[in-house]
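Student: For reference, the file data_28.csv (CSV, C-alpha atoms and all ligand atoms) is included below:
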```
chain,number,residue,atom,x,y,z
Y,1,MET,CA,22.2,-21.0,-16.2
Y,2,LYS,CA,21.1,-23.4,-13.5
Y,3,LEU,CA,19.7,-20.8,-11.1
Y,4,LEU,CA,18.3,-21.1,-7.6
Y,5,LEU,CA,15.7,-18.4,-7.1
Y,6,HIS,CA,15.0,-17.3,-3.6
Y,7,ALA,CA,11.2,-16.7,-3.3
Y,8,CYS,CA,9.3,-15.0,-0.6
Y,9,CYS,CA,5.8,-16.2,-1.8
Y,10,GLY,CA,3.8,-17.4,-4.7
Y,11,PRO,CA,2.5,-14.0,-6.0
Y,12,CYS,CA,5.9,-12.5,-6.1
Y,13,SER,CA,7.3,-15.5,-8.0
Y,14,LEU,CA,5.0,-15.3,-11.0
Y,15,GLU,CA,6.7,-12.6,-13.0
Y,16,PRO,CA,10.4,-13.3,-12.1
Y,17,VAL,CA,9.9,-16.9,-13.0
Y,18,ARG,CA,8.3,-16.0,-16.3
Y,19,ILE,CA,11.1,-13.6,-17.2
Y,20,LEU,CA,14.0,-15.7,-16.0
Y,21,ARG,CA,12.7,-18.7,-17.9
Y,22,ALA,CA,12.2,-16.6,-21.0
Y,23,GLU,CA,15.9,-15.6,-20.6
Y,24,GLY,CA,16.8,-19.3,-20.7
Y,25,HIS,CA,17.6,-20.0,-17.1
Y,26,ASP,CA,16.9,-23.5,-15.6
Y,27,LEU,CA,15.1,-22.6,-12.4
Y,28,ALA,CA,14.4,-24.0,-9.0
Y,29,ILE,CA,12.8,-22.1,-6.1
Y,30,HIS,CA,14.2,-21.8,-2.7
Y,31,TYR,CA,11.7,-20.9,0.0
Y,32,ALA,CA,14.0,-19.6,2.9
Y,33,ASN,CA,11.9,-17.1,4.9
Y,34,SER,CA,12.5,-17.3,8.7
Y,35,ASN,CA,11.3,-13.7,8.8
Y,36,ILE,CA,7.7,-14.7,8.4
Y,37,ALA,CA,5.6,-14.7,11.5
Y,38,PRO,CA,3.5,-16.4,12.7
Y,39,ALA,CA,4.4,-19.9,11.7
Y,40,GLU,CA,0.9,-20.5,10.2
Y,41,GLU,CA,1.6,-17.6,7.8
Y,42,HIS,CA,4.9,-19.1,6.8
Y,43,ALA,CA,3.1,-22.4,6.1
Y,44,ARG,CA,0.3,-20.8,4.2
Y,45,ARG,CA,2.6,-18.8,1.9
Y,46,LEU,CA,4.7,-22.0,1.2
Y,47,ALA,CA,1.5,-24.0,0.4
Y,48,THR,CA,0.4,-21.3,-2.0
Y,49,LEU,CA,3.8,-21.2,-3.7
Y,50,ARG,CA,4.0,-25.0,-3.9
Y,51,ALA,CA,0.5,-25.4,-5.4
Y,52,TRP,CA,1.4,-23.0,-8.2
Y,53,ALA,CA,5.0,-24.3,-8.7
Y,54,ASP,CA,3.7,-27.9,-9.0
Y,55,GLY,CA,1.6,-26.8,-11.9
Y,56,GLU,CA,4.6,-25.1,-13.5
Y,57,GLY,CA,6.9,-28.1,-13.1
Y,58,LEU,CA,9.1,-26.0,-10.9
Y,59,PRO,CA,11.0,-27.7,-8.1
Y,60,VAL,CA,10.6,-26.0,-4.7
Y,61,LEU,CA,13.4,-26.5,-2.1
Y,62,GLU,CA,12.5,-25.6,1.4
Y,63,GLY,CA,15.0,-23.7,3.5
Y,64,PRO,CA,15.1,-23.8,7.3
Y,65,TYR,CA,12.3,-22.0,9.3
Y,66,ASP,CA,14.2,-20.6,12.2
Y,67,PRO,CA,12.6,-17.5,13.6
Y,68,ALA,CA,15.0,-17.4,16.6
Y,69,THR,CA,17.9,-16.9,14.2
Y,70,TRP,CA,15.9,-14.2,12.4
Y,71,GLU,CA,15.2,-12.5,15.7
Y,72,ALA,CA,18.9,-12.6,16.7
Y,73,CYS,CA,19.9,-10.6,13.6
Y,74,ALA,CA,17.0,-8.7,11.9
Y,75,GLY,CA,14.7,-8.7,14.9
Y,76,ARG,CA,17.4,-7.1,17.1
Y,77,VAL,CA,18.0,-4.4,14.5
Y,78,GLY,CA,14.2,-3.9,14.2
Y,79,GLU,CA,13.9,-3.5,18.0
Y,80,ALA,CA,16.7,-0.8,18.0
Y,81,ALA,CA,14.9,1.1,15.2
Y,82,LEU,CA,11.6,0.9,17.0
Y,83,SER,CA,13.0,2.4,20.2
Y,84,ALA,CA,14.8,5.1,18.1
Y,85,VAL,CA,11.3,6.3,17.0
Y,86,GLY,CA,10.0,6.1,20.5
Y,87,GLY,CA,7.9,2.9,19.8
Y,88,ASP,CA,5.9,4.7,17.1
Y,89,VAL,CA,5.2,1.9,14.7
Y,90,LEU,CA,3.6,4.3,12.2
Y,91,ARG,CA,6.8,6.3,12.1
Y,92,LEU,CA,8.7,3.1,11.5
Y,93,ALA,CA,6.5,2.4,8.6
Y,94,THR,CA,6.5,5.8,7.0
Y,95,GLU,CA,9.7,7.5,7.9
Y,96,GLU,CA,12.3,7.5,5.1
Y,97,GLY,CA,14.9,4.8,5.9
Y,98,ALA,CA,13.6,3.9,9.3
Y,99,ARG,CA,13.3,0.2,8.5
Y,100,GLU,CA,16.1,-0.1,6.0
Y,101,ALA,CA,18.7,-1.6,8.4
Y,102,ARG,CA,16.3,-4.2,9.6
Y,103,CYS,CA,15.4,-5.2,6.0
Y,104,ARG,CA,19.0,-5.4,5.1
Y,105,ALA,CA,19.7,-7.8,7.9
Y,106,CYS,CA,16.6,-9.8,6.8
Y,107,TYR,CA,17.7,-10.0,3.2
Y,108,ARG,CA,21.2,-10.9,4.3
Y,109,LEU,CA,20.0,-13.9,6.3
Y,110,ARG,CA,17.7,-15.2,3.6
Y,111,LEU,CA,19.8,-14.6,0.6
Y,112,SER,CA,22.9,-16.1,2.3
Y,113,GLU,CA,20.9,-19.3,3.0
Y,114,THR,CA,19.8,-19.5,-0.6
Y,115,ALA,CA,23.3,-18.8,-1.9
Y,116,ARG,CA,24.8,-21.5,0.3
Y,117,THR,CA,22.2,-24.0,-0.8
Y,118,ALA,CA,22.8,-23.1,-4.4
Y,119,ALA,CA,26.6,-23.8,-4.0
Y,120,GLU,CA,25.9,-27.0,-2.1
Y,121,GLN,CA,23.4,-28.4,-4.6
Y,122,GLY,CA,25.4,-27.5,-7.8
Y,123,PHE,CA,23.6,-24.4,-9.0
Y,124,ASP,CA,25.6,-21.9,-11.0
Y,125,GLY,CA,23.8,-18.8,-9.7
Y,126,VAL,CA,21.4,-17.3,-7.3
Y,127,GLY,CA,18.5,-14.8,-7.8
Y,128,THR,CA,15.6,-13.5,-5.8
Y,129,THR,CA,12.0,-12.5,-6.3
Y,130,LEU,CA,12.2,-9.8,-3.6
Y,131,SER,CA,13.0,-7.2,-6.2
Y,132,VAL,CA,9.5,-7.4,-7.7
Y,133,SER,CA,8.0,-5.4,-4.8
Y,134,PRO,CA,8.0,-1.6,-4.9
Y,135,TYR,CA,7.8,-1.7,-1.1
Y,136,GLN,CA,11.3,-3.3,-0.8
Y,137,PHE,CA,14.7,-1.6,-1.0
Y,138,SER,CA,15.8,-2.7,-4.4
Y,139,ASP,CA,19.4,-1.4,-4.2
Y,140,VAL,CA,19.9,-3.1,-0.8
Y,141,ILE,CA,18.6,-6.4,-2.2
Y,142,ARG,CA,21.1,-6.2,-5.1
Y,143,GLU,CA,24.0,-5.5,-2.7
Y,144,GLU,CA,23.0,-8.3,-0.4
Y,145,LEU,CA,22.5,-10.8,-3.3
Y,146,VAL,CA,25.9,-9.9,-4.7
Y,147,ARG,CA,27.5,-10.3,-1.3
Y,148,ALA,CA,25.8,-13.6,-0.6
Y,149,ALA,CA,26.7,-15.0,-4.0
Y,150,ALA,CA,30.3,-14.0,-3.7
Y,151,ASP,CA,30.6,-15.5,-0.2
Y,152,ALA,CA,29.1,-18.8,-1.5
Y,153,GLY,CA,31.1,-18.8,-4.7
Y,154,VAL,CA,28.1,-18.7,-7.1
Y,155,ARG,CA,27.0,-16.0,-9.6
Y,156,ALA,CA,24.5,-13.3,-8.6
Y,157,VAL,CA,21.6,-12.8,-11.1
Y,158,PHE,CA,19.9,-9.7,-9.9
Y,159,GLU,CA,17.0,-8.1,-11.9
Y,160,ASP,CA,14.8,-5.3,-10.9
Y,161,PHE,CA,11.4,-6.8,-11.5
Y,162,ARG,CA,9.4,-3.8,-10.1
Y,163,PRO,CA,8.0,-2.7,-13.5
Y,164,PHE,CA,6.2,-6.1,-13.5
Y,165,TYR,CA,4.6,-5.7,-10.1
Y,166,ASP,CA,1.2,-4.7,-11.4
Y,167,GLU,CA,1.2,-7.6,-13.7
Y,168,ALA,CA,2.1,-9.9,-10.8
Y,169,VAL,CA,-0.8,-8.5,-8.8
Y,170,ARG,CA,-3.2,-9.0,-11.7
Y,171,ARG,CA,-2.1,-12.5,-12.4
Y,172,SER,CA,-2.1,-13.6,-8.8
Y,173,ARG,CA,-5.6,-12.3,-8.4
Y,174,ALA,CA,-6.7,-14.0,-11.6
Y,175,LEU,CA,-5.2,-17.3,-10.3
Y,176,GLY,CA,-7.0,-16.8,-6.9
Y,177,MET,CA,-3.8,-17.0,-5.0
Y,178,TYR,CA,-3.6,-16.2,-1.4
Y,179,ARG,CA,-2.1,-12.6,-1.2
Y,180,GLN,CA,-0.8,-11.5,2.1
Y,181,ASN,CA,-1.2,-7.9,3.3
Y,182,TYR,CA,2.1,-7.5,5.1
Y,183,CYS,CA,5.7,-8.2,4.1
Y,184,GLY,CA,6.4,-11.0,6.5
Y,185,CYS,CA,8.0,-10.2,9.9
Y,186,ARG,CA,6.1,-9.2,13.1
Y,187,PHE,CA,7.3,-5.6,12.6
Y,188,SER,CA,5.8,-5.4,9.1
Y,189,GLN,CA,2.6,-6.9,10.3
Y,190,ALA,CA,2.3,-4.2,13.0
Y,191,GLU,CA,3.3,-1.5,10.5
Y,192,ALA,CA,0.8,-2.6,7.9
Y,193,GLU,CA,-1.9,-2.5,10.6
Y,194,ALA,CA,-0.8,1.0,11.8
Y,195,GLU,CA,-0.9,2.2,8.2
Y,196,ARG,CA,-4.4,0.8,7.7
Y,197,VAL,CA,-5.7,2.5,10.9
Y,198,ALA,CA,-4.1,5.8,9.8
Y,199,ARG,CA,-5.6,5.5,6.3
Y,200,LYS,CA,-9.0,4.8,7.9
Y,201,LYS,CA,-8.7,7.8,10.2
Y,202,ALA,CA,-7.7,10.0,7.3
Y,203,ARG,CA,-10.6,8.8,5.3
Y,204,ALA,CA,-13.0,9.4,8.2
Y,205,ALA,CA,-11.5,13.0,8.6
Y,206,GLU,CA,-12.0,13.6,4.9
Y,207,ARG,CA,-15.6,12.4,5.1
Y,208,ALA,CA,-16.2,14.7,8.1
Y,209,ALA,CA,-14.6,17.7,6.4
Y,210,ALA,CA,-16.7,17.1,3.3
Y,211,ALA,CA,-19.9,16.8,5.3
Y,212,GLU,CA,-19.0,20.0,7.2
Y,213,ALA,CA,-18.4,21.8,3.9
Y,214,ARG,CA,-21.7,20.5,2.5
Y,215,ALA,CA,-23.5,21.7,5.6
Y,216,ALA,CA,-21.9,25.1,5.4
Y,217,GLU,CA,-22.9,25.3,1.7
Y,218,GLN,CA,-26.5,24.4,2.5
Y,219,ALA,CA,-26.5,26.9,5.3
Y,220,ASP,CA,-25.2,29.6,3.0
Y,221,ALA,CA,-27.8,28.7,0.3
Y,222,ALA,CA,-30.6,28.8,3.0
Y,223,ALA,CA,-29.4,32.2,4.2
Y,224,GLU,CA,-29.3,33.5,0.7
Y,225,ARG,CA,-32.9,32.3,0.1
Y,226,ALA,CA,-34.0,33.9,3.3
Y,227,ALA,CA,-32.3,37.2,2.4
Y,228,ARG,CA,-34.0,37.2,-1.0
Y,229,LYS,CA,-37.4,36.4,0.6
Y,230,ALA,CA,-36.9,39.3,3.1
Y,231,GLU,CA,-35.9,41.6,0.3
Y,232,ARG,CA,-39.0,40.7,-1.7
Y,233,ALA,CA,-41.2,41.1,1.4
Y,234,ALA,CA,-39.7,44.5,2.1
Y,235,TYR,CA,-40.2,45.6,-1.5
Y,236,ASP,CA,-43.8,44.3,-1.5
Y,237,ALA,CA,-44.5,46.2,1.8
Y,238,LYS,CA,-43.0,49.3,0.4
Y,239,GLN,CA,-45.2,49.0,-2.7
Y,240,ALA,CA,-48.2,48.4,-0.6
Y,241,ARG,CA,-47.4,51.5,1.5
Y,242,LYS,CA,-47.0,53.5,-1.7
Y,243,ARG,CA,-50.4,52.3,-3.0
Y,244,ALA,CA,-52.0,53.1,0.3
Y,245,VAL,CA,-50.6,56.6,0.3
Y,246,LEU,CA,-51.8,57.1,-3.3
Y,247,LYS,CA,-55.2,55.7,-2.5
Y,248,ALA,CA,-55.5,58.0,0.5
Y,249,LEU,CA,-54.5,61.0,-1.6
Y,250,ARG,CA,-57.1,60.1,-4.2
Y,251,GLU,CA,-59.8,59.8,-1.6
Y,252,GLN,CA,-58.7,63.1,-0.1
Y,253,ARG,CA,-58.9,64.8,-3.4
Y,254,ARG,CA,-62.3,63.2,-4.1
Y,255,GLY,CA,-63.4,64.5,-0.7
Y,256,ASN,CA,-62.2,68.0,-1.6
Y,257,GLY,CA,-64.2,67.8,-4.8
Y,258,GLU,CA,-61.1,67.8,-7.0
Y,259,ASN,CA,-60.9,66.0,-10.3
Y,260,GLU,CA,-58.2,63.5,-10.6
Y,301,LIG,S1,9.7,-5.7,6.3
Y,301,LIG,FE1,10.0,-7.6,5.1
Y,301,LIG,S2,12.1,-7.4,4.4
Y,301,LIG,FE2,11.9,-6.0,6.0
Y,301,LIG,S3,12.5,-7.1,7.8
Y,301,LIG,FE3,10.3,-7.4,7.7
Y,301,LIG,S4,10.1,-9.2,6.5
Y,301,LIG,FE4,12.2,-8.6,6.2
```
Take the structure I supplied and represent it as structure tokens, if you would.
Ligand code: SF4
Tutor:
Amino acid sequence: MKLLLHACCGPCSLEPVRILRAEGHDLAIHYANSNIAPAEEHARRLATLRAWADGEGLPVLEGPYDPATWEACAGRVGEAALSAVGGDVLRLATEEGAREARCRACYRLRLSETARTAAEQGFDGVGTTLSVSPYQFSDVIREELVRAAADAGVRAVFEDFRPFYDEAVRRSRALGMYRQNYCGCRFSQAEAEAERVARKKARAAERAAAAEARAAEQADAAAERAARKAERAAYDAKQARKRAVLKALREQRRGNGENE
């Protein structure tokens, strides 16, 4: 099938492209990611993707970069979710489902753009690399891909690529590709930072607790040694007293002319 594959970045494209090509699809990449902030990051991911795709003989079509449109849909949903958790970015990052509505809106925008482009440019179907990431909502991606494809009149080719995530990480590292440390939008950047700070704090607390436990162990061992020493000293003193009493008795007997 002539397939237009929505791609979020180079590293996430490696395994989906390998698998879809092995399945016989004729692929082109569509980079439609108005979610990515700031603009330099958007450009850097695109450059990484292009450099790799050129070597693969894989065409890359560039979608619009329109952060204002993203803000008007996903950004608005994200702001509502953020105020629902009292502005606590870490909660947004870690609480079950807290960011799902925002990500759905984000997938919808991007996958709709790719599906429309696929229809306009004569592709039979549309797919996405988003489902390689275990940090994404795979079921939501599938739903949004199916919806976008139906609206545009092309076929949806959804595959859950998550089992290949580790291999994608390994290959992208081996290729020396730029690997971003947040999903893409300004929220995800703040969430990733909040999670890093929380992990750092947790590690520091763990180290402090371990040091405290080690100090307590050392204090216990020292107290045990001191107790044993005192016990030995008390025993030695007792023995010395005993010897002194016996000696005194012997001397007394001797003084009394008694035989020992
Ligand atoms: S976390 Fe990723 S998928 Fe979710 S809204 Fe942000 S950029 Fe989009």
Student: Collect all residues with atoms no farther than 6 Å from ligand LIG 301 (chain Y), counting only C-alpha atoms and all ligand atoms, and output them as an mmCIF file with C-alpha atoms, in the coordinates of the input.
Tutor:
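Writing done, so here's part02.cif:
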```cif
data_model
loop_
_atom_site.group_PDB
_atom_site.id
_atom_site.type_symbol
_atom_site.label_atom_id
_atom_site.label_comp_id
_atom_site.auth_asym_id
_atom_site.auth_seq_id
_atom_site.Cartn_x
_atom_site.Cartn_y
_atom_site.Cartn_z
ATOM 1 C CA ASN Y 35 11.300 -13.700 8.800
ATOM 2 C CA ARG Y 102 16.300 -4.200 9.600
ATOM 3 C CA CYS Y 103 15.400 -5.200 6.000
ATOM 4 C CA CYS Y 106 16.600 -9.800 6.800
ATOM 5 C CA CYS Y 183 5.700 -8.200 4.100
ATOM 6 C CA GLY Y 184 6.400 -11.000 6.500
ATOM 7 C CA CYS Y 185 8.000 -10.200 9.900
ATOM 8 C CA SER Y 188 5.800 -5.400 9.100
#
```
Student: Considering all atoms listed in the file, can you say which of Y:Gly55, Y:Gly125, Y:Ala223, Y:Glu15 comes closest to Arg162 of chain Y?
Tutor: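 Going through Y:Gly55, Y:Gly125, Y:Ala223, Y:Glu15 one by one, the smallest distance to Arg162 of chain Y is for Y:Glu15.
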Student: Arg147 of chain Y: which residues within 10 Å, counting only C-alpha atoms, same-chain residues fewer than 2 positions away excluded, as a PyMOL selection string?
Tutor: chain Y and resi 108+111-112+115+141-145+149-153+156
Student: State, in Å with one decimal place, the distance from atom CA of Ala32 of chain Y to atom CA of Gln180 of chain Y.
Tutor: 16.9 Å
Student: Tell me which of Y:Glu62, Y:Asp88, Y:Glu79, Y:Glu71 sits closest to Glu191 of chain Y, counting all atoms listed in the file.
Tutor: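 That would be Y:Asp88, the residue with the smallest distance to Glu191 of chain Y.
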Student: Using atom CA of Val77 of chain Y and atom CA of Glu195 of chain Y as the two end points, give the distance in Å to one decimal.
Tutor: 21.0 Å
Student: Calculated over all atoms listed in the file, which of the candidates Y:Leu109, Y:Ala211, Y:Ala226, Y:Val132 has the smallest distance to Ala168 of chain Y?
Tutor: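 Residue with the minimum atom-to-atom distance to Ala168 of chain Y: Y:Val132.
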Student: Can you tell me, as a PyMOL selection string, what residues are no more than 7 Å from Leu130 of chain Y when counting only C-alpha atoms, ignoring any on the same chain fewer than 3 positions away?
Tutor: chain Y and resi 7-8+133
Student: Which of these, Y:Arg44, Y:Arg76, Y:Arg179, Y:Arg104, has the shortest distance to Cys12 of chain Y once you count only C-alpha atoms?
Tutor: Y:Arg179
Student: Kindly extract all protein, DNA and RNA residues lying within 6 Å of the coordinates (14.4, -14.8, -4.1) given in the file, considering all atoms listed in the file, and supply them as a PyMOL selection string.
Tutor: chain Y and resi 5-7+127-130
Student: Please compute the atom CA of Lys2 of chain Y-atom CA of Gly63 of chain Y distance, one decimal, in Å.
Tutor: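 Pair atom CA of Lys2 of chain Y / atom CA of Gly63 of chain Y returns 18.1 Å.
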Student: Generate the coordinates of N, CA, C and O atoms for segment 20-43 of chain Y; report them as a short mmCIF file (atom, residue, chain, number, x, y, z; two decimals), keeping the file's coordinate frame.
Tutor:
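Output file selection_17.cif is given in full below:
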```
data_model
loop_
_atom_site.label_atom_id
_atom_site.label_comp_id
_atom_site.auth_asym_id
_atom_site.auth_seq_id
_atom_site.Cartn_x
_atom_site.Cartn_y
_atom_site.Cartn_z
N LEU Y 20 12.73 -14.94 -16.06
CA LEU Y 20 14.00 -15.70 -16.00
C LEU Y 20 13.97 -16.93 -16.90
O LEU Y 20 14.97 -17.27 -17.53
N ARG Y 21 12.81 -17.56 -16.98
CA ARG Y 21 12.70 -18.70 -17.90
C ARG Y 21 12.81 -18.26 -19.33
O ARG Y 21 13.46 -18.92 -20.14
N ALA Y 22 12.17 -17.13 -19.63
CA ALA Y 22 12.20 -16.60 -21.00
C ALA Y 22 13.69 -16.27 -21.37
O ALA Y 22 14.08 -16.32 -22.54
N GLU Y 23 14.48 -15.93 -20.38
CA GLU Y 23 15.90 -15.60 -20.60
C GLU Y 23 16.75 -16.89 -20.73
O GLU Y 23 17.96 -16.82 -20.94
N GLY Y 24 16.10 -18.05 -20.51
CA GLY Y 24 16.80 -19.30 -20.70
C GLY Y 24 17.36 -19.96 -19.47
O GLY Y 24 18.08 -20.96 -19.56
N HIS Y 25 17.04 -19.41 -18.30
CA HIS Y 25 17.60 -20.00 -17.10
C HIS Y 25 16.78 -21.29 -16.69
O HIS Y 25 15.58 -21.37 -16.91
N ASP Y 26 17.52 -22.22 -16.11
CA ASP Y 26 16.90 -23.50 -15.60
C ASP Y 26 16.68 -23.23 -14.11
O ASP Y 26 17.64 -23.17 -13.33
N LEU Y 27 15.42 -23.11 -13.72
CA LEU Y 27 15.10 -22.60 -12.40
C LEU Y 27 14.67 -23.66 -11.37
O LEU Y 27 14.01 -24.63 -11.72
N ALA Y 28 15.03 -23.40 -10.13
CA ALA Y 28 14.40 -24.00 -9.00
C ALA Y 28 14.16 -22.93 -7.96
O ALA Y 28 14.89 -21.95 -7.93
N ILE Y 29 13.12 -23.12 -7.16
CA ILE Y 29 12.80 -22.10 -6.10
C ILE Y 29 13.35 -22.52 -4.80
O ILE Y 29 13.36 -23.71 -4.45
N HIS Y 30 13.81 -21.52 -4.05
CA HIS Y 30 14.20 -21.80 -2.70
C HIS Y 30 13.39 -20.92 -1.75
O HIS Y 30 13.44 -19.68 -1.82
N TYR Y 31 12.60 -21.57 -0.90
CA TYR Y 31 11.70 -20.90 0.00
C TYR Y 31 12.48 -20.81 1.38
O TYR Y 31 12.46 -21.78 2.14
N ALA Y 32 13.19 -19.72 1.63
CA ALA Y 32 14.00 -19.60 2.90
C ALA Y 32 13.52 -18.26 3.51
O ALA Y 32 14.03 -17.19 3.17
N ASN Y 33 12.56 -18.35 4.42
CA ASN Y 33 11.90 -17.10 4.90
C ASN Y 33 11.63 -17.24 6.42
O ASN Y 33 10.47 -17.30 6.84
N SER Y 34 12.71 -17.24 7.21
CA SER Y 34 12.50 -17.30 8.70
C SER Y 34 11.96 -16.01 9.22
O SER Y 34 11.63 -15.93 10.41
N ASN Y 35 11.87 -15.01 8.37
CA ASN Y 35 11.30 -13.70 8.80
C ASN Y 35 9.79 -13.79 9.02
O ASN Y 35 9.23 -12.98 9.76
N ILE Y 36 9.14 -14.76 8.36
CA ILE Y 36 7.70 -14.70 8.40
C ILE Y 36 7.09 -15.18 9.69
O ILE Y 36 7.44 -16.24 10.21
N ALA Y 37 6.23 -14.35 10.20
CA ALA Y 37 5.60 -14.70 11.50
C ALA Y 37 4.06 -14.40 11.29
O ALA Y 37 3.68 -13.47 10.56
N PRO Y 38 3.21 -15.19 11.92
CA PRO Y 38 3.50 -16.40 12.70
C PRO Y 38 3.82 -17.59 11.80
O PRO Y 38 3.75 -17.49 10.58
N ALA Y 39 4.08 -18.74 12.43
CA ALA Y 39 4.40 -19.90 11.70
C ALA Y 39 3.33 -20.36 10.70
O ALA Y 39 3.61 -20.84 9.60
N GLU Y 40 2.06 -20.12 11.08
CA GLU Y 40 0.90 -20.50 10.20
C GLU Y 40 1.00 -19.71 8.89
O GLU Y 40 0.66 -20.20 7.83
N GLU Y 41 1.44 -18.46 9.01
CA GLU Y 41 1.60 -17.60 7.80
C GLU Y 41 2.67 -18.14 6.91
O GLU Y 41 2.53 -18.18 5.69
N HIS Y 42 3.77 -18.55 7.55
CA HIS Y 42 4.90 -19.10 6.80
C HIS Y 42 4.41 -20.34 6.02
O HIS Y 42 4.71 -20.51 4.82
N ALA Y 43 3.64 -21.19 6.70
CA ALA Y 43 3.10 -22.40 6.10
C ALA Y 43 2.15 -22.11 4.95
O ALA Y 43 2.16 -22.74 3.89
#
```
